[in-house]
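**Q** One file is attached below, model-v8.cif, containing mmCIF, C-alpha atoms.
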```cif
data_entry
#
loop_
_atom_site.label_atom_id
_atom_site.label_comp_id
_atom_site.auth_asym_id
_atom_site.auth_seq_id
_atom_site.Cartn_x
_atom_site.Cartn_y
_atom_site.Cartn_z
CA MET A 1 0.00 0.00 0.00
CA ILE A 2 3.04 2.30 0.31
CA THR A 3 3.53 4.17 -2.94
CA ASN A 4 6.28 6.45 -4.19
CA GLY A 5 3.80 9.35 -4.22
CA ALA A 6 2.80 8.74 -0.61
CA VAL A 7 6.44 8.73 0.50
CA ASP A 8 7.20 11.85 -1.51
CA ARG A 9 4.25 13.76 0.00
CA THR A 10 5.22 12.62 3.49
CA VAL A 11 8.82 13.77 3.12
CA HIS A 12 7.74 17.18 1.83
CA GLY A 13 5.31 17.39 4.74
CA TRP A 14 8.18 16.81 7.16
CA ILE A 15 10.13 19.61 5.50
CA ALA A 16 7.13 21.96 5.66
CA ASP A 17 6.80 21.17 9.37
CA GLN A 18 10.46 22.21 9.76
CA HIS A 19 11.91 18.91 10.88
CA SER A 20 15.69 18.96 10.57
CA ARG A 21 17.52 17.65 7.54
CA SER A 22 19.07 14.83 9.61
CA THR A 23 15.66 13.77 10.95
CA VAL A 24 14.25 13.47 7.43
CA LYS A 25 17.35 11.69 6.14
CA ASN A 26 17.46 9.16 8.98
CA SER A 27 13.72 8.45 8.92
CA LEU A 28 13.76 7.96 5.16
CA ALA A 29 16.80 5.68 5.42
CA VAL A 30 14.94 3.28 7.70
CA LEU A 31 11.98 3.10 5.32
CA VAL A 32 14.27 2.55 2.32
CA ARG A 33 15.89 -0.46 4.01
CA VAL A 34 12.56 -1.99 5.01
CA MET A 35 11.19 -1.59 1.49
CA GLU A 36 14.43 -2.97 0.02
CA GLN A 37 13.89 -6.15 2.02
CA ALA A 38 10.35 -6.33 0.65
CA VAL A 39 11.79 -6.18 -2.87
CA ARG A 40 14.22 -9.00 -2.10
CA ASP A 41 11.39 -11.08 -0.66
CA GLY A 42 9.37 -10.61 -3.84
CA ILE A 43 6.49 -8.74 -2.11
CA ILE A 44 7.00 -5.67 -4.32
CA THR A 45 9.01 -5.07 -7.48
CA VAL A 46 10.28 -1.49 -6.96
CA ASN A 47 11.38 0.28 -3.78
CA PRO A 48 8.85 3.14 -3.37
CA ALA A 49 10.88 4.86 -0.66
CA ARG A 50 13.67 5.90 -2.99
CA VAL A 51 12.54 9.49 -3.56
CA THR A 52 14.77 12.24 -4.90
CA GLY A 53 14.81 16.03 -4.97
CA TRP A 54 13.82 16.64 -1.38
CA GLN A 55 17.25 18.11 -0.59
CA ARG A 56 16.42 20.99 -2.95
CA GLU A 57 13.47 21.85 -0.72
CA TYR A 58 15.87 22.51 2.14
CA LYS A 59 18.09 24.70 -0.03
CA GLN A 60 15.05 26.74 -1.03
CA ALA A 61 13.97 27.10 2.60
CA GLU A 62 17.46 28.28 3.60
CA ASP A 63 17.47 30.85 0.79
CA GLU A 64 14.10 32.18 1.90
CA LEU A 65 15.31 32.68 5.47
CA HIS A 66 17.96 35.11 4.20
CA ASN A 67 15.03 37.40 3.39
CA PRO A 68 12.29 36.51 5.92
CA ARG A 69 10.44 39.75 5.16
CA ALA A 70 9.40 38.22 1.86
CA LEU A 71 7.51 35.51 3.78
CA ALA A 72 5.30 37.93 5.74
CA LEU A 73 1.64 38.67 5.13
CA ARG A 74 1.03 42.17 3.81
CA ASP A 75 -1.18 43.67 6.52
CA TRP A 76 -3.73 43.10 9.30
CA PRO A 77 -6.82 42.73 7.06
CA THR A 78 -4.97 40.06 5.05
CA LEU A 79 -4.27 38.16 8.26
CA LEU A 80 -7.90 38.35 9.35
CA ARG A 81 -9.11 37.08 5.97
CA LEU A 82 -6.74 34.14 6.19
CA ALA A 83 -7.75 33.31 9.77
CA GLN A 84 -11.45 33.41 8.93
CA ALA A 85 -11.01 31.33 5.78
CA LEU A 86 -9.18 28.63 7.76
CA THR A 87 -11.96 28.59 10.35
CA ASP A 88 -14.63 28.35 7.68
CA ARG A 89 -12.85 25.37 6.11
CA SER A 90 -12.45 23.48 9.40
CA HIS A 91 -14.88 20.93 10.83
CA ASP A 92 -17.77 22.66 12.61
CA HIS A 93 -16.12 26.01 11.79
CA TYR A 94 -14.06 25.82 14.99
CA ARG A 95 -13.40 29.40 16.09
CA GLY A 96 -10.26 28.42 17.97
CA TRP A 97 -8.26 28.09 14.76
CA ARG A 98 -8.92 31.73 13.95
CA GLU A 99 -7.70 32.74 17.40
CA VAL A 100 -4.54 30.64 17.12
CA VAL A 101 -3.59 32.12 13.74
CA VAL A 102 -4.22 35.73 14.78
CA PHE A 103 -2.40 35.32 18.10
CA ALA A 104 0.60 33.67 16.41
CA ALA A 105 1.04 36.50 13.90
CA ALA A 106 0.39 39.29 16.42
CA THR A 107 2.99 37.92 18.83
CA ALA A 108 5.50 36.59 16.28
CA ALA A 109 5.25 33.13 17.85
CA GLY A 110 5.38 29.61 16.48
CA ILE A 111 2.32 27.37 16.81
CA GLY A 112 4.04 25.25 19.44
CA LYS A 113 4.53 28.25 21.70
CA VAL A 114 0.93 29.36 21.15
CA SER A 115 -0.15 25.92 22.33
CA GLY A 116 1.99 26.38 25.44
CA VAL A 117 0.28 29.59 26.58
CA ARG A 118 -1.23 29.25 30.07
CA ALA A 119 -3.52 31.76 31.77
CA CYS A 120 -0.88 32.59 34.38
CA TYR A 121 1.61 33.58 31.66
CA ILE A 122 -0.54 36.56 30.65
CA ASP A 123 -0.16 39.86 32.53
CA THR A 124 -3.42 41.67 31.78
CA GLU A 125 -2.34 44.77 33.68
CA ASN A 126 0.66 45.50 31.48
CA TRP A 127 -0.50 43.24 28.62
CA ILE A 128 2.66 41.15 28.47
CA TRP A 129 2.96 37.46 27.62
CA THR A 130 5.85 35.65 29.32
CA VAL A 131 6.83 32.80 27.02
CA ARG A 132 7.81 29.79 29.13
CA ARG A 133 6.50 26.57 27.54
CA GLN A 134 5.97 25.09 24.10
CA THR A 135 4.31 22.02 22.62
CA THR A 136 6.54 19.70 20.61
CA PRO A 137 6.20 16.27 18.95
CA ALA A 138 7.41 13.36 21.07
CA PRO A 139 7.23 9.57 21.01
CA GLY A 140 3.60 8.71 21.62
CA GLY A 141 2.20 12.14 20.72
CA LEU A 142 2.59 15.80 21.67
CA THR A 143 4.20 16.98 24.89
CA ASP A 144 5.04 20.27 26.62
CA LYS A 145 8.56 21.37 27.48
CA ASN A 146 10.45 24.51 28.43
CA THR A 147 11.41 26.97 25.71
CA LYS A 148 14.82 26.70 24.09
CA GLY A 149 17.58 27.05 26.66
CA LYS A 150 14.91 27.30 29.37
CA ARG A 151 14.95 31.06 28.80
CA ALA A 152 11.67 32.89 29.34
CA ARG A 153 11.03 35.99 27.25
CA GLN A 154 8.39 38.69 27.27
CA VAL A 155 6.21 39.61 24.31
CA PRO A 156 3.93 42.69 24.18
CA LEU A 157 0.26 42.06 23.41
CA ILE A 158 -1.18 44.62 21.00
CA GLU A 159 -4.60 46.18 21.54
CA GLU A 160 -6.15 44.35 18.60
CA ILE A 161 -5.91 40.95 20.34
CA ARG A 162 -6.53 41.97 23.97
CA PRO A 163 -10.32 41.45 23.88
CA MET A 164 -9.78 37.96 22.46
CA ILE A 165 -7.25 37.12 25.17
CA ALA A 166 -9.48 38.45 27.94
CA GLU A 167 -12.34 36.34 26.61
CA ARG A 168 -10.14 33.23 26.54
CA ILE A 169 -9.01 33.81 30.14
CA LEU A 170 -12.63 34.08 31.28
CA ALA A 171 -13.57 30.98 29.29
CA VAL A 172 -10.94 28.71 30.87
CA GLY A 173 -12.01 29.60 34.40
CA PRO A 174 -10.01 30.20 37.58
CA ASN A 175 -7.29 27.58 36.95
CA PRO A 176 -4.07 29.57 36.38
CA ASP A 177 -2.47 26.63 34.55
CA ALA A 178 -5.31 26.30 32.05
CA ARG A 179 -4.25 26.26 28.42
CA LEU A 180 -5.64 29.26 26.49
CA PHE A 181 -5.55 27.74 23.01
CA THR A 182 -6.55 24.15 22.30
CA GLY A 183 -8.01 21.97 19.60
CA PRO A 184 -11.78 21.36 19.34
CA ARG A 185 -11.57 18.57 21.92
CA GLY A 186 -9.35 20.49 24.33
CA GLY A 187 -6.08 18.87 23.29
CA ARG A 188 -2.67 20.26 22.45
CA ILE A 189 -2.11 21.73 19.01
CA SER A 190 0.87 21.69 16.67
CA THR A 191 1.66 23.03 13.23
CA ALA A 192 0.66 19.67 11.71
CA VAL A 193 -2.63 19.61 13.64
CA LEU A 194 -3.46 23.13 12.44
CA ARG A 195 -2.57 22.21 8.86
CA ASP A 196 -4.77 19.13 8.75
CA ALA A 197 -7.72 20.55 10.69
CA THR A 198 -8.02 23.70 8.58
CA HIS A 199 -6.99 22.25 5.18
CA TRP A 200 -4.21 24.84 5.27
CA ASP A 201 -2.69 24.09 1.87
CA VAL A 202 -6.03 24.36 0.06
CA VAL A 203 -7.00 27.59 1.84
CA VAL A 204 -3.73 29.48 1.37
CA THR A 205 -3.64 28.51 -2.29
CA SER A 206 -7.17 29.77 -2.83
CA LEU A 207 -6.18 33.10 -1.25
CA GLY A 208 -3.09 33.49 -3.41
CA HIS A 209 -0.55 32.60 -0.71
CA GLU A 210 0.59 29.29 -2.23
CA ARG A 211 3.91 29.19 -0.40
CA LEU A 212 2.70 30.39 2.99
CA ARG A 213 3.64 28.03 5.84
CA ARG A 214 2.43 28.05 9.41
CA HIS A 215 5.81 29.31 10.60
CA ASP A 216 5.47 32.32 8.30
CA LEU A 217 3.00 33.72 10.83
CA ARG A 218 6.04 34.29 13.04
CA HIS A 219 7.91 35.96 10.17
CA THR A 220 4.85 38.16 9.68
CA GLY A 221 4.82 39.35 13.29
CA LEU A 222 8.54 40.08 13.41
CA THR A 223 8.36 42.01 10.13
CA TRP A 224 5.47 44.09 11.44
CA PHE A 225 7.30 44.81 14.71
CA ALA A 226 10.37 45.90 12.73
CA ASP A 227 8.34 48.14 10.40
CA ALA A 228 6.70 49.72 13.45
CA GLY A 229 10.13 51.01 14.48
CA VAL A 230 10.94 48.56 17.28
CA PRO A 231 14.72 48.82 17.85
CA ALA A 232 16.74 45.81 16.81
CA HIS A 233 17.92 44.97 20.33
CA VAL A 234 14.34 44.99 21.62
CA LEU A 235 13.09 42.99 18.65
CA ARG A 236 15.80 40.44 19.37
CA LYS A 237 14.43 39.91 22.88
CA ILE A 238 10.87 39.58 21.61
CA ALA A 239 11.95 37.04 19.00
CA GLY A 240 14.25 35.11 21.30
CA HIS A 241 17.04 35.21 18.73
CA GLY A 242 20.50 34.18 19.82
CA SER A 243 22.18 36.48 17.30
CA LEU A 244 21.43 40.10 16.45
CA LEU A 245 22.31 39.32 12.83
CA THR A 246 19.25 37.08 12.63
CA THR A 247 17.06 39.89 13.93
CA GLN A 248 18.47 42.43 11.49
CA ARG A 249 17.13 40.43 8.57
CA TYR A 250 13.66 41.61 9.55
CA LEU A 251 14.56 45.30 9.45
CA HIS A 252 13.52 47.43 6.52
CA PRO A 253 16.32 47.52 3.93
CA ASP A 254 16.90 51.25 4.50
CA MET A 255 17.24 50.68 8.24
CA THR A 256 19.61 47.77 7.66
CA GLN A 257 21.83 49.94 5.46
CA THR A 258 21.94 52.62 8.16
CA THR A 259 22.89 50.04 10.78
CA ASN A 260 25.59 48.59 8.55
CA THR A 261 26.96 52.09 7.92
CA ARG A 262 27.23 52.66 11.67
CA HIS A 263 29.12 49.40 12.12
CA ALA A 264 31.40 50.23 9.21
CA LEU A 265 32.33 53.62 10.68
CA THR A 266 33.03 52.06 14.08
CA ALA A 267 35.27 49.47 12.48
CA HIS A 268 37.08 52.21 10.56
CA LEU A 269 37.74 54.38 13.62
CA ASN A 270 38.76 51.72 16.12
CA PRO A 271 42.17 50.80 14.65
CA ILE A 272 43.37 54.42 14.51
CA ARG A 273 42.43 55.38 18.07
CA THR A 274 45.47 56.06 20.20
CA PRO A 275 45.40 54.80 23.81
CA LEU A 276 45.19 57.68 26.27
CA THR A 277 48.26 56.44 28.15
CA LEU A 278 50.39 57.01 25.04
CA ALA A 279 48.97 60.40 24.10
CA VAL A 280 51.45 62.43 26.23
CA GLN A 281 52.58 65.72 24.77
CA PRO A 282 56.16 66.94 25.52
CA THR A 283 56.40 70.00 27.75
CA ALA A 284 57.40 73.21 25.92
CA GLY A 285 60.97 74.30 26.59
CA ARG A 286 62.01 71.05 28.26
CA ARG A 287 65.64 70.17 27.57
CA ARG A 288 66.82 66.63 27.04
#
```
For the structure just supplied, provide its representation as structure tokens.

**A**
Amino acid sequence: MITNGAVDRTVHGWIADQHSRSTVKNSLAVLVRVMEQAVRDGIITVNPARVTGWQREYKQAEDELHNPRALALRDWPTLLRLAQALTDRSHDHYRGWREVVVFAAATAAGIGKVSGVRACYIDTENWIWTVRRQTTPAPGGLTDKNTKGKRARQVPLIEEIRPMIAERILAVGPNPDARLFTGPRGGRISTAVLRDATHWDVVVTSLGHERLRRHDLRHTGLTWFADAGVPAHVLRKIAGHGSLLTTQRYLHPDMTQTTNTRHALTAHLNPIRTPLTLAVQPTAGRRR
């Protein structure tokens, strides 16, 4: 029942869900060996797991990340249209998918971190979300774990999503550890769950966003923050980036050029600065 097309679609699905290159390679290698034994045993005639071209998908993804601004949605109305279309396409028109998509873009967060939001992580006085947990795939299903490096970070919550958040907090009740965003049955969500439940690929194609991935909601939020004038060092904290160079890719090209000019001038001046301890002028009239 395993066909070459099924394997090919599965591999490309793994890439779209941002599994690492080694994970895809190792998983595919196991399947290739199993199917090769089936060929030797005469059960099938051709090994369907020998798919090619998937490495090019990774090269394309790496190229895109050099210009993440190109992956962002244009504006807020475009985001709302996408969120509503995904909800309309889902079973029973589950409203929660709309909330997940809007929250992810407005906070520049991945779907796994949206799934990890608990009521106690939201400061409704200052409207700050402290990112502490995320949902990730694990043997046997989805599980929650601390964010990368166990580092918590704070993300501002814009006015447009505050009513939605307040409503979610009231809906989950007094339990501070209650999860704000869940699937229709109250379970954890992931990028794959969102994709399948909303028919993501069909919806984004119909709206003219053929190459839009779930993770591009994060690229959208970071691009919007950058265009709003958030300084690079602050944007870096919001994003949780380890390197400022990664953050600078989200800045408007003009701003990036200005930043690079500043760095260039600093680099130019540093080598010619004379240490103060050596800058001693001889006293006038002093004889040797």

**Q** So how far away is CA of His252 in chain A from CA of Gly229 in chain A, in Å?

**A**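 Answer for the CA of Gly229 in chain A to CA of His252 in chain A separation: 9.4 Å.
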
**Q** The PyMOL selection byres ((chain A and resi 25) around 12) - which residues does that actually catch in the file I just gave you? List them as a list in words.

**A** Val11, His12, Trp14, Ile15, His19, Ser20, Arg21, Ser22, Thr23, Val24, Asn26, Ser27, Leu28, Ala29, Val30, Leu31, Val32, Ala49, Arg50, Val51, Thr52, Trp54, Gln55 and Tyr58 of chain A

**Q** Next, write the just-selected residues to a file, as a CSV table (one decimal), in the frame of the given file, keeping C-alpha atoms as the atom set.

**A**
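As written to disk, selection-v6.csv reads:
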```csv
chain,number,residue,atom,x,y,z
A,11,VAL,CA,8.8,13.8,3.1
A,12,HIS,CA,7.7,17.2,1.8
A,14,TRP,CA,8.2,16.8,7.2
A,15,ILE,CA,10.1,19.6,5.5
A,19,HIS,CA,11.9,18.9,10.9
A,20,SER,CA,15.7,19.0,10.6
A,21,ARG,CA,17.5,17.6,7.5
A,22,SER,CA,19.1,14.8,9.6
A,23,THR,CA,15.7,13.8,11.0
A,24,VAL,CA,14.2,13.5,7.4
A,26,ASN,CA,17.5,9.2,9.0
A,27,SER,CA,13.7,8.4,8.9
A,28,LEU,CA,13.8,8.0,5.2
A,29,ALA,CA,16.8,5.7,5.4
A,30,VAL,CA,14.9,3.3,7.7
A,31,LEU,CA,12.0,3.1,5.3
A,32,VAL,CA,14.3,2.6,2.3
A,49,ALA,CA,10.9,4.9,-0.7
A,50,ARG,CA,13.7,5.9,-3.0
A,51,VAL,CA,12.5,9.5,-3.6
A,52,THR,CA,14.8,12.2,-4.9
A,54,TRP,CA,13.8,16.6,-1.4
A,55,GLN,CA,17.2,18.1,-0.6
A,58,TYR,CA,15.9,22.5,2.1
```

**Q** Just the number, please: distance in Å from CA of Val34 in chain A to CA of Ala138 in chain A, one decimal.

**A** 22.8 Å

**Q** Once the PyMOL selection byres ((chain A and resi 88-104) around 8) has been evaluated on this model, what residues remain selected, and can you format them as a list in words?

**A**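 When the PyMOL selection byres ((chain A and resi 88-104) around 8) is applied to the shown file, the picked residues are Leu79, Leu80, Ala83, Gln84, Ala85, Leu86, Thr87, Ala105, Ala106, Thr107, Ala108, Ala109, Gly110, Ile111, Val114, Ile161, Met164, Phe181, Thr182, Gly183, Pro184, Leu194, Ala197, Thr198, His199, Val203, Leu217, Arg218 and Gly221 of chain A.
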
**Q** Got a sec to resolve the PyMOL selection byres ((chain A and resi 73) around 10) on this structure and send the residues as a PDB file with C-alpha atoms, in the frame of the given file?

**A**
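Done, and the output landed in expr-v8.pdb:
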```pdb
ATOM      1  CA  ARG A  69      10.440  39.750   5.160  1.00  0.00           C
ATOM      2  CA  ALA A  70       9.400  38.220   1.860  1.00  0.00           C
ATOM      3  CA  LEU A  71       7.510  35.510   3.780  1.00  0.00           C
ATOM      4  CA  ALA A  72       5.300  37.930   5.740  1.00  0.00           C
ATOM      5  CA  ARG A  74       1.030  42.170   3.810  1.00  0.00           C
ATOM      6  CA  ASP A  75      -1.180  43.670   6.520  1.00  0.00           C
ATOM      7  CA  TRP A  76      -3.730  43.100   9.300  1.00  0.00           C
ATOM      8  CA  PRO A  77      -6.820  42.730   7.060  1.00  0.00           C
ATOM      9  CA  THR A  78      -4.970  40.060   5.050  1.00  0.00           C
ATOM     10  CA  LEU A  79      -4.270  38.160   8.260  1.00  0.00           C
ATOM     11  CA  LEU A  82      -6.740  34.140   6.190  1.00  0.00           C
ATOM     12  CA  ALA A 105       1.040  36.500  13.900  1.00  0.00           C
ATOM     13  CA  HIS A 209      -0.550  32.600  -0.710  1.00  0.00           C
ATOM     14  CA  LEU A 212       2.700  30.390   2.990  1.00  0.00           C
ATOM     15  CA  ASP A 216       5.470  32.320   8.300  1.00  0.00           C
ATOM     16  CA  LEU A 217       3.000  33.720  10.830  1.00  0.00           C
ATOM     17  CA  HIS A 219       7.910  35.960  10.170  1.00  0.00           C
ATOM     18  CA  THR A 220       4.850  38.160   9.680  1.00  0.00           C
ATOM     19  CA  GLY A 221       4.820  39.350  13.290  1.00  0.00           C
ATOM     20  CA  THR A 223       8.360  42.010  10.130  1.00  0.00           C
ATOM     21  CA  TRP A 224       5.470  44.090  11.440  1.00  0.00           C
TER      22      TRP A 224
END
```

**Q** So what do you get for CA of Val117 in chain A versus CA of Arg179 in chain A, distance-wise?

**A** 5.9 Å

**Q** For Val193 in chain A, which residue among A:Arg40, A:Ile122, A:Arg132, A:Arg214 is the nearest when counting all atoms listed in the file?

**A**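 Going through A:Arg40, A:Ile122, A:Arg132, A:Arg214 one by one, the smallest distance to Val193 in chain A is for A:Arg214.
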
**Q** Skip Pro231 in chain A itself and residues of its chain fewer than 3 positions away, then list as an NGL selection string all residues within 12 Å of it, counting only C-alpha atoms.

**A** :A and (222 or 225-228 or 234-238 or 244 or 247-248 or 250-252 or 255-256 or 259)
